[in-house]
Amino acid sequence: MHFSPISMHIPDGLLNLLVSLLFWALTAAAVAVAISKTNRSLGERQIPLMGVMAAFIFAAQMLNFPVAGGTSGHFLGGALAAIVLGPWAAMLVMTAVIGVQALLFQDGGLLVMGANIFNMGILTAIIGFGVYRVVSASANRGLRLAAAAIGAWLATVGAALLTALQLWLSGTSPFQLVVPAMLSVHVLIGLGEAVITVAALAFIERTRPDLLNAEKSAQQGSLAWAWAGGLLSLALVLFSPLASSSPDGLERVAENFNFLSRGLSSPYKILPDYTLPVLGETPLSTILAGAIGVIIVFALMLLIGRSLSMKDK
Amino acid sequence: MHADAFDRYHPAESPVHHLDPRVKVVTVVLFILGNALLPDASWLAFGLAWLLLLAANDQSRLGLWFTWRRSFLALPFALTAVSAIFLPAGQPVFSFSALGLQLSVTDLGLLRFFSIVLRSWLSVQMAVLLVAVTPFPDILHALEHLRVPRLLTTIIAFLYRYLFVLTDEVFRLLRAREARSAGTQGHKSGGTLLWRAQVAGNMAGQMFVRSYERSDRIYNAMVARGYAGQMRTLHPHKMRVSDWRWQTLVLAALLLIQITGWIR
């Protein structure tokens with residue numbers, strides 16, 4: 001039913017116990033905070049709202065659009081949910097969606113559900129809402145839509161990167177293969193997500209402007225979200241190009257810091273015959289190259305956002 | 001669409017169907033946890049886990065191969081694990097180069113790949129069986145008993161209930177798009193990719209507004225019927241002696257599988 005070129009729903013068995021439990025703990029903590037926050041700020045009226053919104057995200061994922069060669073893209077919805085419902089409510093809604101996908105349709109596993117919720121529900125809410133929150137008070141409609149586009153794109157890429165890292169940390173895939181593969185595919189999928197998110201937001205602003213305004217965003221989350229989203233995005237933007245263009249170097253750094261490797265069953269050793277045609281000579285040049293690429297994408301997003309909002313006026 | 005289009009419940013009279021849902025949920029979670037705990041290449045333990053699965057299938061009277069048929073769902077993603085064969089631990093079996101990468105398949109990598117696929121395949125089947133022998137509201141009720149926050153289970157209950165309605169809404173939107181997207185010969189239907197994505201986005205926005213307004217109506221209807229912030233159920237779900245007995249038996253079997261896996 002849900003067809004995407006590379007799904008982000010990890011099934012059971014692909015993550016090891018340590019990584020699964022670590023992300024279950026992170027997810028449980030985030031969901032617990034989200035529950036107490038929503039209980040405090042929302043009345044009983046919001047419970048049916050969040051339930052129906054969860055069904056909406058689920059159903060909206062069936063809205064596919066043909067891309068090319070028989071493949072089609074579809075909508076993930078994490079960033080859109082965070083922008084219209086606020087980050088805490090969006091986390092609960094996405095948790096429900098991913099939980100039902102795993103329980104009922106075996107789309108994603110149960111033991112790894114913590115990781116799936118974290119990647120597709122919590123990280124996307126922080127990045128999606130955070131980036132949008134930076135400019136949510138601005139009167140410039142094009143700017144807000146552009147921020148939503150960037151947020152949706154970054155959220156998709158971030159979720160893909162985290163999925164790849166989890167697979168690597170679990171000893172399921174070598175870093176050199178899984179990180180560039182996941183990133184390169186989702187850089188494109190993220191573009192589709194961004195366009196759909198912006199079009200949906202533009203539609204909602206036109207028909208129900210009361211659901212989407214500056215006061216509401218400010219009420220849903222403080223400026224701390226903007227900082228959290230901004231910093232995470234910055235880390236992502238600096239890390240991804242480095243990771244995909246010179247994974248060997250990064251793996252060596254990871255080895256030096258020895259992070260998490262003690263609990264893992266399979267030790268990682270750099271083999272001399274693992275070589276990649278490294279684009280740049282030094283880490284600095286790869287970061288620069290990556291940053292230029294990201295700036296180009298950002299500029300493209302800004303243009304798309306502008307042109308969409310022009311058309312609406 | 002039929003209201004049960006998404007329902008995965010297969011009604012039957014069997015000891016497994018009559019078990020308390022808590023027992024079933026705990027068993028499935030422990031089974032999957034156990035699979036993750038088993039070391040790579042513990043084939044005997046994987047075999048025993050498979051026997052346990054077959055026994056559960058048999059007891060549920062859905063047929064010995066019931067879960068087999070639906071077990072290849074997770075396979076596309078499980079194939080991501082193919083890259084495990086290149087893990088740089090262990091002895092290289094053979095090497096080749098592709099896409100500018102020098103790749104060597106290692107023996108430990110191969111063992112790991114087959115273990116991962118087996119784990120994934122066994123786990124998916126147990127989850128398939130769970131939803132086939134337990135009505136979904138009962139699973140939610142069991143989760144509530146197992147201390148999953150009520151707000152979350154309530155949201156999931158709503159999601160489950162309105163999924164059918166909103167899916168119909170999506171199909172109506174898709175049908176409307178089809179009806180308006182006629183193409184003539186020599187003329188491609190539809191605009192650019194950006195335009196098509198934008199149309200999908202407008203449909204998502206439309207869906208959102210309709211869902212939002214529907215949730216308002218639902219809330220008012222619920223209040224009119226006495227809703228006060230709590231969902232009630234008529235199923236008390238009490239653990240009986242037979243439930244405890246089954247739970248103990250399954251726990252013993254799972255323990256045995258672990259012991260087999262860890263003793264060489």
# chains A, B, ... in the order shown; residues from 1 in each chain; ligands from 1
call {"tool": "closest_atom_pairs", "arguments": {"of": "chain B", "to": "chain A", "cutoff": "6 Å", "atoms": "only C-alpha atoms", "output": "CSV"}}
result
residue,atom,partner,partner_atom,distance
B:Ala36,CA,A:Leu17,CA,5.8
B:Ala81,CA,A:Thr172,CA,5.8
B:Ser83,CA,A:Ser173,CA,5.1
B:Ala84,CA,A:Ser173,CA,4.7
B:Leu87,CA,A:Pro174,CA,5.8
B:Leu101,CA,A:Leu276,CA,5.9
B:Gln102,CA,A:Tyr274,CA,5.8
B:Ile116,CA,A:Gly13,CA,5.5
B:Arg119,CA,A:Gly13,CA,4.9
B:Ser120,CA,A:Gly13,CA,4.3
B:Ile155,CA,A:Gly51,CA,4.3
B:Ile156,CA,A:Ala96,CA,5.3
B:Phe158,CA,A:Gly51,CA,4.7
B:Leu159,CA,A:Ala55,CA,4.5
B:Leu163,CA,A:Ala55,CA,5.0
B:Thr167,CA,A:Ala59,CA,5.3
B:Ala197,CA,A:Ile196,CA,5.8
B:Gln198,CA,A:Ala199,CA,5.5
B:Gly201,CA,A:Ile196,CA,4.0
B:Asn202,CA,A:Ala200,CA,5.1
B:Ala204,CA,A:Ala200,CA,5.6
B:Gly205,CA,A:Ala200,CA,4.0
B:Ser215,CA,A:Leu49,CA,5.2
B:Gly229,CA,A:Glu44,CA,5.4
call {"tool": "select_by_dssp", "arguments": {"residues": "region 103-228 of chain B", "states": "alpha helix (DSSP H)", "output": "PyMOL selection string"}}
result
chain B and resi 107-133+136-145+150-180+193-224
call {"tool": "residues_around", "arguments": {"residues": "region 133-145 of chain B", "least_positions_apart": "2", "cutoff": "10 Å", "atoms": "only C-alpha atoms", "output": "PyMOL selection string"}}
result
(chain A and resi 100+103-104) or (chain B and resi 7-26+57+60-62+128-131+147-154+156-157+160-161+233+235-237)
call {"tool": "closest_residue", "arguments": {"among": "B:Ser211, B:Thr106, B:Gln247, B:Ser123", "to": "Val165 (chain B)", "atoms": "only C-alpha atoms"}}
result
B:Ser211
call {"tool": "atom_distance", "arguments": {"atom1": "CA of Arg141 (chain A)", "atom2": "CA of His186 (chain A)"}}
result
26.8 Å
call {"tool": "residues_around", "arguments": {"residues": "Ile122 (chain A)", "least_positions_apart": "5", "cutoff": "10 Å", "atoms": "only C-alpha atoms", "output": "PyMOL selection string"}}
result
chain A and resi 26-27+30-31+78-79+82+87-88+90-92+94-95+115-117+127-128+155+159
call {"tool": "write_last_selection", "arguments": {"atoms": "C-alpha atoms", "output": "short mmCIF file (atom, residue, chain, number, x, y, z; two decimals), in the first residue's frame"}}
result
data_model
loop_
_atom_site.label_atom_id
_atom_site.label_comp_id
_atom_site.auth_asym_id
_atom_site.auth_seq_id
_atom_site.Cartn_x
_atom_site.Cartn_y
_atom_site.Cartn_z
CA LEU A 26 14.84 8.49 24.09
CA THR A 27 11.42 8.09 22.47
CA ALA A 30 10.12 12.56 24.58
CA VAL A 31 6.61 11.07 24.48
CA GLY A 78 5.95 14.79 10.00
CA ALA A 79 6.95 18.37 9.31
CA ALA A 82 4.54 19.80 13.55
CA PRO A 87 5.70 20.01 18.05
CA TRP A 88 4.38 18.20 21.14
CA ALA A 90 2.78 16.27 16.40
CA MET A 91 5.06 13.89 18.30
CA LEU A 92 2.04 12.12 19.79
CA MET A 94 3.28 10.57 14.66
CA THR A 95 3.83 8.07 17.48
CA ALA A 115 13.98 4.16 16.67
CA ASN A 116 11.31 4.51 13.96
CA ILE A 117 9.27 6.92 16.10
CA ILE A 127 13.55 20.13 12.81
CA GLY A 128 10.29 20.86 10.98
CA ALA A 155 13.58 16.74 8.45
CA ALA A 159 15.53 11.13 9.47
#
